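The structure file coords.txt is reproduced below (compact mmCIF, C-alpha atoms).
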```txt
# COMPACT_ATOMS: atom_id res chain seq x y z
CA MET K 1 -69.15 -35.14 -16.63
CA THR K 2 -70.15 -31.74 -17.91
CA GLU K 3 -67.47 -29.20 -18.71
CA PHE K 4 -68.29 -25.50 -18.64
CA ILE K 5 -66.22 -23.53 -21.14
CA VAL K 6 -66.24 -19.73 -21.18
CA VAL K 7 -65.27 -17.89 -24.35
CA THR K 8 -64.15 -14.46 -23.23
CA SER K 9 -61.80 -11.59 -24.11
CA GLY K 10 -62.50 -8.33 -22.34
CA LYS K 11 -62.32 -6.37 -25.56
CA GLY K 12 -65.25 -6.30 -27.97
CA GLY K 13 -65.19 -7.26 -31.62
CA VAL K 14 -62.35 -9.76 -31.40
CA GLY K 15 -64.44 -12.76 -32.41
CA LYS K 16 -65.95 -14.21 -29.24
CA THR K 17 -69.31 -15.07 -30.74
CA THR K 18 -67.82 -16.36 -33.99
CA SER K 19 -65.49 -18.54 -31.92
CA SER K 20 -68.20 -19.73 -29.52
CA ALA K 21 -70.38 -20.79 -32.43
CA SER K 22 -67.62 -22.64 -34.25
CA ILE K 23 -66.28 -24.34 -31.13
CA ALA K 24 -69.76 -25.48 -30.13
CA VAL K 25 -70.41 -26.86 -33.62
CA GLY K 26 -66.96 -28.48 -33.68
CA LEU K 27 -67.57 -30.26 -30.38
CA ALA K 28 -71.00 -31.39 -31.59
CA LYS K 29 -69.43 -32.75 -34.79
CA GLN K 30 -67.26 -34.93 -32.57
CA GLY K 31 -70.43 -36.46 -31.16
CA LYS K 32 -70.54 -34.48 -27.92
CA LYS K 33 -73.80 -33.18 -26.51
CA VAL K 34 -73.34 -29.42 -26.48
CA ALA K 35 -75.23 -26.31 -25.39
CA VAL K 36 -74.03 -22.84 -26.30
CA ILE K 37 -75.35 -19.93 -24.24
CA ASP K 38 -75.35 -16.24 -25.16
CA PHE K 39 -74.58 -14.22 -22.01
CA ASP K 40 -74.77 -10.88 -23.81
CA VAL K 41 -78.11 -9.78 -22.35
CA GLY K 42 -79.53 -6.85 -24.29
CA LEU K 43 -77.38 -7.47 -27.36
CA ARG K 44 -78.33 -10.93 -28.57
CA ASN K 45 -76.19 -12.07 -31.51
CA LEU K 46 -75.22 -15.69 -31.14
CA ASP K 47 -78.59 -16.69 -32.66
CA LEU K 48 -77.68 -14.83 -35.87
CA ILE K 49 -74.27 -16.44 -36.13
CA MET K 50 -75.83 -19.86 -35.50
CA GLY K 51 -78.59 -19.12 -38.02
CA CYS K 52 -81.50 -19.73 -35.64
CA GLU K 53 -82.65 -16.13 -35.02
CA ARG K 54 -86.18 -16.78 -36.27
CA ARG K 55 -86.69 -19.72 -33.97
CA VAL K 56 -86.08 -17.88 -30.70
CA VAL K 57 -89.24 -18.03 -28.61
CA TYR K 58 -87.91 -18.11 -25.07
CA ASP K 59 -84.50 -16.97 -23.90
CA PHE K 60 -81.97 -17.35 -21.08
CA VAL K 61 -83.61 -14.69 -18.90
CA ASN K 62 -87.04 -16.33 -19.31
CA VAL K 63 -85.55 -19.55 -17.95
CA ILE K 64 -83.85 -17.76 -15.06
CA HIS K 65 -87.14 -16.05 -14.13
CA SER K 66 -88.98 -19.39 -14.46
CA GLU K 67 -91.22 -18.04 -17.23
CA CYS K 68 -90.58 -21.20 -19.21
CA THR K 69 -88.71 -24.46 -18.84
CA LEU K 70 -85.13 -24.89 -19.97
CA LYS K 71 -86.31 -27.45 -22.50
CA GLN K 72 -88.66 -24.88 -24.08
CA ALA K 73 -85.87 -22.32 -24.40
CA LEU K 74 -83.19 -24.60 -25.85
CA ILE K 75 -83.16 -24.29 -29.63
CA LYS K 76 -82.10 -27.47 -31.35
CA ASP K 77 -79.58 -26.87 -34.13
CA LYS K 78 -80.87 -27.68 -37.61
CA ARG K 79 -77.65 -29.42 -38.64
CA HIS K 80 -76.72 -31.30 -35.47
CA ASP K 81 -79.16 -33.18 -33.23
CA ASN K 82 -76.87 -32.97 -30.22
CA LEU K 83 -76.36 -29.19 -30.32
CA TYR K 84 -78.58 -26.62 -28.61
CA VAL K 85 -78.56 -22.83 -28.49
CA LEU K 86 -79.81 -20.74 -25.57
CA ALA K 87 -80.36 -17.19 -26.80
CA ALA K 88 -79.76 -14.04 -24.80
CA SER K 89 -82.65 -11.86 -23.84
CA GLN K 90 -83.12 -8.48 -25.50
CA THR K 91 -84.14 -6.85 -22.22
CA ARG K 92 -82.42 -3.66 -21.13
CA ASP K 93 -82.57 -4.71 -17.49
CA LYS K 94 -78.97 -5.09 -16.40
CA ASP K 95 -79.85 -7.23 -13.41
CA ALA K 96 -81.76 -9.79 -15.43
CA LEU K 97 -79.00 -12.36 -14.83
CA THR K 98 -78.43 -13.56 -11.30
CA LYS K 99 -75.72 -15.84 -10.02
CA GLU K 100 -78.28 -18.23 -8.50
CA GLY K 101 -80.28 -18.26 -11.74
CA VAL K 102 -77.25 -18.97 -13.89
CA GLU K 103 -76.14 -21.70 -11.52
CA ARG K 104 -79.57 -23.32 -11.64
CA VAL K 105 -79.57 -23.38 -15.45
CA LEU K 106 -76.03 -24.77 -15.62
CA ASN K 107 -76.86 -27.46 -13.06
CA GLU K 108 -79.91 -28.43 -15.05
CA LEU K 109 -77.81 -28.79 -18.20
CA ARG K 110 -75.37 -30.93 -16.25
CA ASP K 111 -78.22 -33.14 -15.00
CA ASP K 112 -79.49 -33.45 -18.58
CA GLY K 113 -76.21 -35.09 -19.55
CA PHE K 114 -74.62 -32.35 -21.62
CA ASP K 115 -70.91 -32.94 -22.24
CA TYR K 116 -70.04 -29.32 -22.88
CA VAL K 117 -71.67 -26.00 -22.15
CA VAL K 118 -70.06 -23.14 -24.07
CA CYS K 119 -70.68 -19.74 -22.46
CA ASP K 120 -70.33 -16.86 -24.93
CA SER K 121 -69.31 -13.90 -22.79
CA PRO K 122 -70.19 -10.29 -23.56
CA ALA K 123 -67.36 -7.77 -23.90
CA GLY K 124 -66.26 -5.82 -20.86
CA ILE K 125 -65.91 -6.91 -17.25
CA GLU K 126 -69.43 -6.18 -16.06
CA LYS K 127 -71.99 -8.58 -14.65
CA GLY K 128 -72.66 -10.58 -17.83
CA ALA K 129 -68.97 -11.23 -18.38
CA TYR K 130 -68.50 -12.01 -14.69
CA LEU K 131 -71.32 -14.56 -14.65
CA ALA K 132 -70.20 -16.13 -17.94
CA MET K 133 -66.81 -16.94 -16.42
CA TYR K 134 -67.84 -17.56 -12.81
CA PHE K 135 -68.71 -21.27 -13.10
CA ALA K 136 -66.16 -22.14 -15.80
CA ASP K 137 -63.88 -25.17 -15.75
CA ARG K 138 -62.02 -23.98 -18.80
CA ALA K 139 -61.54 -20.59 -20.42
CA ILE K 140 -60.82 -19.74 -24.01
CA VAL K 141 -59.48 -16.20 -24.16
CA VAL K 142 -59.97 -14.82 -27.66
CA VAL K 143 -57.26 -12.34 -28.54
CA ASN K 144 -56.33 -10.32 -31.63
CA PRO K 145 -52.62 -9.66 -32.22
CA GLU K 146 -53.09 -6.03 -31.30
CA VAL K 147 -52.10 -4.01 -28.21
CA SER K 148 -55.48 -3.23 -26.65
CA SER K 149 -56.78 -6.76 -27.12
CA VAL K 150 -53.66 -8.30 -25.55
CA ARG K 151 -53.79 -5.97 -22.57
CA ASP K 152 -57.50 -6.63 -21.98
CA SER K 153 -56.87 -10.36 -22.21
CA ASP K 154 -54.34 -10.11 -19.44
CA ARG K 155 -56.92 -8.34 -17.31
CA ILE K 156 -59.37 -11.16 -18.00
CA LEU K 157 -56.74 -13.74 -17.05
CA GLY K 158 -56.40 -11.93 -13.72
CA LEU K 159 -60.16 -12.09 -13.16
CA LEU K 160 -60.28 -15.78 -14.09
CA ALA K 161 -57.70 -16.40 -11.38
CA SER K 162 -59.56 -14.47 -8.69
CA LYS K 163 -63.25 -13.82 -9.38
CA THR K 164 -64.48 -17.30 -10.26
CA ARG K 165 -65.99 -20.17 -8.32
CA ARG K 166 -62.86 -22.29 -8.64
CA ALA K 167 -60.74 -19.42 -7.33
CA GLU K 168 -63.09 -18.74 -4.41
CA LEU K 169 -63.27 -22.40 -3.42
CA GLY K 170 -59.53 -22.82 -3.75
CA ALA K 171 -60.17 -25.63 -6.25
CA ALA K 172 -57.93 -26.51 -9.19
CA PRO K 173 -57.55 -23.37 -11.32
CA ILE K 174 -59.51 -22.87 -14.53
CA GLU K 175 -57.68 -24.30 -17.51
CA GLN K 176 -56.80 -21.33 -19.73
CA HIS K 177 -56.20 -21.24 -23.46
CA LEU K 178 -55.50 -18.45 -25.90
CA LEU K 179 -57.27 -18.40 -29.22
CA LEU K 180 -55.60 -15.98 -31.59
CA THR K 181 -57.99 -14.62 -34.21
CA ARG K 182 -57.67 -12.19 -37.15
CA TYR K 183 -54.10 -13.38 -37.58
CA ASN K 184 -52.41 -12.06 -40.69
CA PRO K 185 -49.20 -14.02 -41.41
CA ALA K 186 -48.04 -11.61 -44.13
CA ARG K 187 -48.16 -8.68 -41.73
CA VAL K 188 -46.40 -10.71 -39.05
CA VAL K 189 -43.57 -11.46 -41.51
CA ASN K 190 -43.33 -7.74 -42.30
CA GLY K 191 -43.07 -6.91 -38.63
CA ASP K 192 -46.36 -5.02 -38.61
CA MET K 193 -48.22 -7.46 -36.39
CA LEU K 194 -47.50 -9.28 -33.14
CA SER K 195 -46.66 -12.92 -33.80
CA ILE K 196 -48.11 -15.96 -32.03
CA ASP K 197 -44.86 -16.23 -30.04
CA ASP K 198 -45.01 -12.57 -29.03
CA VAL K 199 -48.54 -12.96 -27.66
CA LYS K 200 -47.63 -16.23 -25.92
CA ASP K 201 -44.57 -14.56 -24.34
CA ILE K 202 -46.49 -11.56 -23.07
CA LEU K 203 -49.47 -13.43 -21.66
CA GLY K 204 -47.66 -16.58 -20.61
CA ILE K 205 -50.31 -19.13 -21.54
CA GLU K 206 -50.63 -21.75 -24.24
CA VAL K 207 -52.26 -21.09 -27.61
CA VAL K 208 -55.02 -23.54 -28.53
CA GLY K 209 -55.52 -22.17 -32.02
CA VAL K 210 -54.64 -19.49 -34.52
CA VAL K 211 -57.44 -18.37 -36.82
CA PRO K 212 -56.21 -16.40 -39.82
CA GLU K 213 -58.00 -13.27 -40.94
CA SER K 214 -60.32 -14.67 -43.55
CA GLU K 215 -63.07 -13.67 -45.92
CA GLY K 216 -64.83 -16.85 -44.91
CA VAL K 217 -65.75 -15.42 -41.50
CA LEU K 218 -67.91 -12.61 -42.88
CA ALA K 219 -69.44 -14.92 -45.47
CA ALA K 220 -70.30 -17.39 -42.71
CA SER K 221 -71.96 -14.78 -40.52
CA ASN K 222 -73.84 -13.44 -43.54
CA ALA K 223 -75.25 -16.90 -44.14
CA GLY K 224 -75.80 -17.86 -40.49
CA VAL K 225 -73.62 -20.94 -40.89
CA PRO K 226 -70.72 -21.12 -38.40
CA VAL K 227 -67.43 -20.84 -40.30
CA ILE K 228 -66.18 -24.22 -39.04
CA LEU K 229 -68.72 -25.79 -41.43
CA ASP K 230 -67.00 -24.15 -44.40
CA ASP K 231 -64.38 -26.74 -45.33
CA ASP K 232 -62.88 -24.48 -47.97
CA SER K 233 -62.06 -21.64 -45.62
CA ASP K 234 -58.76 -21.56 -43.73
CA ALA K 235 -60.57 -20.03 -40.73
CA GLY K 236 -62.94 -23.01 -40.65
CA GLN K 237 -60.05 -25.47 -40.76
CA ALA K 238 -58.24 -23.52 -38.02
CA TYR K 239 -61.29 -23.84 -35.75
CA GLU K 240 -61.46 -27.54 -36.57
CA ASP K 241 -57.84 -27.87 -35.37
CA ALA K 242 -58.55 -25.82 -32.23
CA VAL K 243 -61.47 -28.07 -31.28
CA ALA K 244 -59.32 -31.18 -31.79
CA ARG K 245 -56.70 -29.69 -29.47
CA LEU K 246 -59.36 -28.89 -26.87
CA LEU K 247 -60.24 -32.57 -26.97
CA GLY K 248 -56.64 -33.47 -26.29
CA GLU K 249 -55.34 -34.15 -29.78
CA GLN K 250 -51.89 -32.87 -30.80
CA ARG K 251 -51.97 -30.96 -34.06
CA PRO K 252 -49.36 -28.66 -35.55
CA MET K 253 -50.40 -25.02 -36.06
CA ARG K 254 -51.35 -24.23 -39.64
CA PHE K 255 -51.75 -20.94 -41.50
CA LEU K 256 -48.76 -19.30 -39.83
CA ASP K 257 -46.84 -18.65 -43.05
CA ALA K 258 -47.44 -15.82 -45.44
CA PRO K 259 -48.66 -16.79 -48.90
CA LYS K 260 -45.81 -16.96 -51.42
CA LYS K 261 -45.44 -13.82 -53.48
CA GLY K 262 -45.35 -13.95 -57.25
CA PHE K 263 -42.45 -12.70 -59.38
CA PHE K 264 -43.94 -9.30 -60.05
CA THR K 265 -44.87 -8.63 -56.44
CA ARG K 266 -41.36 -9.58 -55.40
CA MET K 267 -39.79 -7.28 -57.99
CA PHE K 268 -42.03 -4.30 -57.54
CA GLY K 269 -43.31 -4.71 -54.00
CA GLY K 270 -46.84 -5.52 -52.90
CA MET O 1 -38.47 -7.40 -50.73
CA GLY O 2 -38.39 -5.64 -54.10
CA ILE O 3 -35.47 -3.89 -55.79
CA PHE O 4 -37.39 -0.62 -55.70
CA ASP O 5 -38.02 -0.81 -51.98
CA PHE O 6 -35.66 2.07 -51.32
CA LEU O 7 -38.17 4.30 -53.08
CA ARG O 8 -40.75 3.53 -50.47
CA ALA O 9 -40.31 4.90 -46.99
CA ARG O 10 -39.33 1.89 -44.93
CA GLN O 11 -41.61 1.47 -41.95
CA LYS O 12 -40.20 0.67 -38.57
CA ASN O 13 -40.87 -2.74 -37.15
CA THR O 14 -43.97 -1.71 -35.23
CA ALA O 15 -44.67 -5.20 -33.88
CA SER O 16 -41.52 -5.08 -31.77
CA ILE O 17 -42.54 -1.68 -30.41
CA ALA O 18 -45.95 -3.12 -29.53
CA LYS O 19 -44.35 -6.08 -27.81
CA GLU O 20 -42.06 -3.94 -25.71
CA ARG O 21 -44.88 -1.61 -24.66
CA LEU O 22 -47.12 -4.53 -23.77
CA ARG O 23 -44.39 -6.28 -21.82
CA ILE O 24 -43.97 -3.23 -19.60
CA ILE O 25 -47.62 -2.39 -19.07
CA VAL O 26 -48.67 -6.00 -18.47
CA ALA O 27 -45.89 -6.49 -15.90
CA GLN O 28 -46.91 -3.29 -14.17
CA GLU O 29 -50.60 -4.18 -14.11
CA ARG O 30 -49.88 -7.68 -12.85
CA SER O 31 -47.87 -6.30 -9.95
CA GLN O 32 -50.81 -4.12 -8.95
CA ARG O 33 -53.34 -6.92 -9.25
CA GLY O 34 -55.14 -7.68 -6.04
CA ALA O 35 -53.56 -4.67 -4.33
CA PRO O 36 -55.82 -2.31 -2.38
CA ASP O 37 -57.65 0.33 -4.44
CA TYR O 38 -56.25 3.20 -2.40
CA LEU O 39 -52.66 2.66 -3.58
CA PRO O 40 -52.71 5.08 -6.55
CA LEU O 41 -54.16 7.86 -4.40
CA LEU O 42 -51.74 7.12 -1.57
CA ARG O 43 -48.91 7.29 -4.06
CA ARG O 44 -50.09 10.62 -5.43
CA GLU O 45 -50.51 12.22 -2.03
CA LEU O 46 -47.09 10.99 -0.89
CA LEU O 47 -45.61 12.47 -4.01
CA GLU O 48 -47.23 15.83 -3.25
CA VAL O 49 -45.87 15.86 0.30
CA ILE O 50 -42.37 14.92 -0.78
CA ARG O 51 -42.43 17.55 -3.46
CA LYS O 52 -42.93 20.22 -0.83
CA TYR O 53 -39.39 19.46 0.33
CA VAL O 54 -37.53 17.87 -2.55
CA ASN O 55 -38.04 18.32 -6.25
CA VAL O 56 -38.46 14.70 -7.32
CA ASP O 57 -39.74 13.21 -10.59
CA GLN O 58 -43.39 12.28 -11.17
CA ASP O 59 -42.49 8.60 -11.00
CA ALA O 60 -40.10 8.86 -8.07
CA VAL O 61 -42.48 7.24 -5.58
CA GLU O 62 -43.20 3.54 -5.76
CA VAL O 63 -45.73 1.86 -3.53
CA HIS O 64 -46.07 -1.91 -3.29
CA VAL O 65 -48.02 -4.27 -1.14
CA GLU O 66 -46.38 -7.63 -0.67
CA ARG O 67 -47.71 -10.64 1.06
CA ASP O 68 -45.35 -12.21 3.53
CA GLY O 69 -46.93 -15.27 5.10
CA ASP O 70 -49.91 -14.10 7.14
CA HIS O 71 -49.26 -10.39 6.99
CA GLU O 72 -48.96 -7.79 4.28
CA VAL O 73 -46.07 -5.40 3.95
CA LEU O 74 -46.53 -1.94 2.49
CA GLU O 75 -43.30 -1.00 0.84
CA LEU O 76 -42.49 2.56 -0.19
CA SER O 77 -39.50 3.61 -2.15
CA VAL O 78 -38.64 7.16 -3.10
CA ALA O 79 -35.93 7.94 -5.58
CA LEU O 80 -34.33 11.30 -4.81
CA PRO O 81 -32.73 13.36 -7.57
CA GLU O 82 -29.02 12.73 -8.12
CA LYS O 83 -27.75 15.94 -6.52
CA ALA O 84 -29.31 15.12 -3.18
CA ASN O 85 -27.82 12.44 -0.99
CA ALA O 86 -27.71 9.37 -3.24
CA ALA O 87 -30.50 6.91 -3.87
CA ASN O 88 -33.22 5.56 -1.64
CA VAL O 89 -35.10 6.60 1.44
CA ALA O 90 -37.21 3.67 2.52
```
Structure rendered as structure tokens:
Amino acid sequence: MTEFIVVTSGKGGVGKTTSSASIAVGLAKQGKKVAVIDFDVGLRNLDLIMGCERRVVYDFVNVIHSECTLKQALIKDKRHDNLYVLAASQTRDKDALTKEGVERVLNELRDDGFDYVVCDSPAGIEKGAYLAMYFADRAIVVVNPEVSSVRDSDRILGLLASKTRRAELGAAPIEQHLLLTRYNPARVVNGDMLSIDDVKDILGIEVVGVVPESEGVLAASNAGVPVILDDDSDAGQAYEDAVARLLGEQRPMRFLDAPKKGFFTRMFGG
Amino acid sequence: MGIFDFLRARQKNTASIAKERLRIIVAQERSQRGAPDYLPLLRRELLEVIRKYVNVDQDAVEVHVERDGDHEVLELSVALPEKANAANVA
């Protein structure tokens, strides 16, 4: 059975594409057949994060408009044979995506035996974001511990509960998870940043992972290698944990404690 | 915490402020979710009419739509200022 997972947030710049890339790679590392689709038409970026930007020939919109086959547009990942990327189009036409077209592509992926299809949503609540979530079975809401991101996430949770296929059919609701990114334990300890429990309390849904603010994330995007493949980075390990939890494994949350301060920092402040 | 901390202006715990603000706004937005779009305008016009007669606060009028089985109930509540006859006119 194919599971459609939307990675969404409402707010921009919180780490949707970084998370989509790492989750897709993480699922593929577990032997699953995975496709990751960039729904951000006009602002293609997933290809850069996945490191396949020079191999994009056909894109999502080409497939929807039947200008090529799905097979021609799927870019096979260089590191994993069972992972494919479908790039967004760079067109400025806002109506390039249609519900029927998206449904056709998703059905075709299902018929091709994909285990997971990860839909990387654009920011906002416009058509691209709407279509990215419409067919979802599961939603990963990426949230920063910051007021505007938390509020926007709540808005997205409302849309997931009303403007999706499952909601319209009255089927079982979409399974929702929070993925907290850019988490800075030291600032949480100081009372300068919302904690994981604060965010959980306000939004009322479970947290599937906490990704600490990390230098590894920028380094990974610079190199075009999803951060989950960087074993030395705490962000990579946090994504690894999140993927295991998505697959049903129980793992304790890591990286929630602030690094220990040295003698001098404790004496003189840091 | 260092022994010279008193020299540095101690910041307030801003995370708890953020949490409180979010708690309120999220609860408010959730209660309005799925409600008809005309509610804010209705609320504003009601407020204007009431203000012709009584000097009430900006936030004195509350408008809610509640679902009760098959039908919807539009509930208005207006808080009058303390000097006037007590609390609510429904």
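Atom CA of K:Ile64 lies 13.6 Å from atom CA of K:Gly128.
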(request) Using only C-alpha atoms, determine which residues lie at most 12 Å from O:Glu72, disregarding the query and same-chain residues fewer than 5 positions distant; provide the list as an MDAnalysis selection string. (result) chainID O and resid 35:36 64:67
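Note that the spacing between atom CA of K:Pro252 and atom CA of K:Val211 amounts to 13.1 Å.
From atom CA of K:Ala87 back to atom CA of K:Val57, the distance works out to 9.1 Å.
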ask   = Which neighbours of stretch 98-111 of chain K fall inside 7 Å, counting all atoms listed in the file, when residues of the same chain fewer than 3 positions from it are skipped, and could you give them as number ranges by chain?
value = K: 2, 64, 95, 114, 131
Q.
Residues near stretch 17-33 of chain O, anyone? I mean within 8 Å using all atoms listed in the file, not counting same-chain ones fewer than 2 positions away, as number ranges by chain.
A. K: 146-147, 150-151, 154, 158, 194, 198, 202; O: 13-15, 35, 64
Discussion item. Taking (-43.4, 12.5, -4.8) as a centre in this file's frame and 6 Å as the limit, can you find every polymer residue with an atom that close, using all atoms listed in the file, and give them as a list in words?
Written reply: Leu46, Leu47, Glu48, Ile50, Arg51, Val56, Ala60 and Val61 of chain O
For the selection you just gave me, I'd like the residues written to a file as a compact mmCIF listing (two decimals), in the coordinates of the input, keeping C-alpha atoms.
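Below is the file part_28.txt, written as the result:
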```
# COMPACT_ATOMS: atom_id res chain seq x y z
CA LEU O 46 -47.09 10.99 -0.89
CA LEU O 47 -45.61 12.47 -4.01
CA GLU O 48 -47.23 15.83 -3.25
CA ILE O 50 -42.37 14.92 -0.78
CA ARG O 51 -42.43 17.55 -3.46
CA VAL O 56 -38.46 14.70 -7.32
CA ALA O 60 -40.10 8.86 -8.07
CA VAL O 61 -42.48 7.24 -5.58
```
Listed atoms of stretch 24-37 of chain O boxed axis-aligned with 4 Å per side, centre + edges as AutoDock Vina command-line options:
```
--center_x -50.8 --center_y -3.7 --center_z -11.0 --size_x 21.7 --size_y 16.0 --size_z 25.2
```
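Across K:Asp234, K:Asp197, K:Glu249, K:Glu240, the tightest approach to chain O is made by K:Asp197 when counting only C-alpha atoms.
Between K:Gly13 and the residues K:Val143, K:Val85, K:Ile125, K:Ile49, the shortest atom-to-atom distance, using only C-alpha atoms, involves K:Val143.
For the residues O:Glu62, O:Asn55, O:Asp37, O:Gly69, ranking by smallest atom-to-atom distance to O:Pro81 using all atoms listed in the file places O:Asn55 first.
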Find the residues with any atom within 8 Å of (-78.1, -15.9, -40.9); use only C-alpha atoms and the coordinates as given in the file, and write the answer as JSON, numbers by chain. {"K": [48, 49, 50, 51, 52, 53, 221, 222, 223, 224, 225]}
Review point. Near K:Gly12, counting all atoms listed in the file, which residues have an atom at most 9 Å away, once you skip same-chain residues fewer than 3 positions from it, shown as a list in words?
Key: Ser9, Gly15, Lys16, Pro122, Ala123, Gly124 and Ser149 of chain K
